[in-house]
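> Next up is a structure, given as C-alpha cells.
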Amino acid sequence: MAKTALETAREAPGSTKARILTAAEQVFAAKGFEGASTREIAARAGVNISSLHYHWESKETLYYAVFRNIFDRLVDLLGNTLTPLLAGQQDHEEAIRVAMPPLFDFFADNPNVPKLLLRRVVENEDVDVGVEQDVLLPAWKTFTEWLGRVGRQRLPESESRLFMLTVYAVVMVYMLDSRSYQTLLGGSVRVEPTRSAVREHVVRVVQRLLAAPDGTGR
C-alpha cells in the first residue's frame, strides 16, 4: 500500500515534505485556514509554490494533514501513558496523576497546537475538510474508551466525553498563554516555575472533577 504524504513526512523529518508540514502548522495556527495562503506556507518552508503543490496537493490537504498529525501524536502519547493502567486496579485519581503531566507538557512544548485547536472551534462551520469526521471523532472515541476502562469504577461513554471535553477546555485556556494570563500568573505557563505550578494545579482540578459522583463535577 502506498504511503500517504503525512507518513512520508514523519519518516523523514528533515525532508521538504516535512518542512512544508511544519510551516503549514505555524501559518494555520497564526492565521487560521482562511487567512493562510499556500504562498506564505511555501515561503516559510523555504520552497517555491510549485514545490509545495508537488509535495502536498492543496491547502485543504495540508490543513487536514496538520490536524491528523496532531491527533495521532496525542493518541500515541496517551496510549503510551495509559496502557499500563488499563489492566490494573489504579483509581481514577492515580490515572490522572500519571496521564495529565505529559499531556500538559505536550501542549506547553507545542504552542501552535492549542492555537490550532481553538481556531478550529471558531472556524468549524466555515471549513469542512473532514477533520471532525475523520480525525477528531475517532480520536475522542479512543480517549473516552480509555477513560472508561481506567480505574475500578467504570464511567459510561457519555460521562467520559463530558469529562474529556471539560479537561480539554481547561487546558486549552491556560495554554493560550496571553499577556494578560502571564500578568495574572506571574509568568508564562511554558516557563518554570509557573509551568510546574500550573501543571500541578490542573492535575488537582482534574482529579477533583473526576472524583465527583458522576465524573462531571455536577
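Convention: chains lettered A, B, ... in C-alpha cells order; per-chain residue numbering from 1; ligands numbered from 1 as shown.
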Got a sec: who's within 6 Å of A:Met172, counting only C-alpha atoms, leaving out chain neighbours fewer than 3 positions off, as a list of chain:residue names?
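My reading of the contact set: A:Pro114, A:Ala169, A:Met175.
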> Could you save those same residues with N, CA and C atoms as a compact mmCIF listing (two decimals), in the first residue's frame?

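The resulting file, again20.txt, is reproduced below:
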# COMPACT_ATOMS: atom_id res chain seq x y z
N PRO A 114 -2.36 24.30 20.71
CA PRO A 114 -3.58 24.88 21.29
C PRO A 114 -4.19 25.99 20.44
N ALA A 169 -11.06 21.90 27.59
CA ALA A 169 -11.32 23.33 27.65
C ALA A 169 -10.42 24.01 28.67
N MET A 175 -3.29 27.33 28.01
CA MET A 175 -2.24 27.29 27.00
C MET A 175 -2.28 28.44 26.01
> What are the closest atom pairs, with distances in Å to one decimal, for all residues of stretch 74-118 of chain A lying within 12 Å of stretch 2-23 of chain A? Consider only C-alpha atoms, order rows by chain and residue number, and present the result as a tab-separated table.

residue	atom	partner	partner_atom	distance
A:Asn110	CA	A:Thr22	CA	11.4
A:Asn112	CA	A:Thr22	CA	10.0
A:Val113	CA	A:Thr22	CA	11.4
> Grab the atom CA of A:Val66 to atom CA of A:Ala24 distance for me, in Å with one decimal place.
7.3 Å
> For A:Ile41, work out the shell of residues within 12 Å, counting only C-alpha atoms and skipping chain neighbours fewer than 5 positions away, then give it as a PyMOL selection string.
chain A and resi 17+19-31+33+35-36+46-53+56+58-59+62-63
> With distances taken over only C-alpha atoms, which residue among A:Val205, A:Val122, A:Ala211, A:Leu162 lies nearest A:Trp140?
A:Leu162
> Give me, as a VMD selection string, all polymer residues having an atom no more than 10 Å from stretch 106-109 of chain A, counting only C-alpha atoms and skipping those fewer than 3 positions away in the same chain.
chain A and resid 73 to 74 77 100 to 103 112 to 115 171 to 172 174 to 177 188 to 191 195 199
> For the atom pair atom CA of A:Phe67 and atom CA of A:Val131, what is the interatomic distance in Å to one decimal place?
6.9 Å
> So how far away is atom CA of A:Glu93 from atom CA of A:Gln207, in Å?
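Between atom CA of A:Gln207 and atom CA of A:Glu93 the gap is 5.2 Å.
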> Write down as a ChimeraX atom specification the residues of stretch 10-164 of chain A whose backbone DSSP state falls under helix (DSSP H, G or I).
/A:10-11,16-35,38-45,49-55,59-86,92-109,112-123,131-149,157-164
> With only C-alpha atoms as the atoms that count, which of A:Ala95, A:Ala65, A:Leu118, A:Leu184 lies nearest to A:Arg149?
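Using only C-alpha atoms, the shortest distance to A:Arg149 belongs to A:Ala95.
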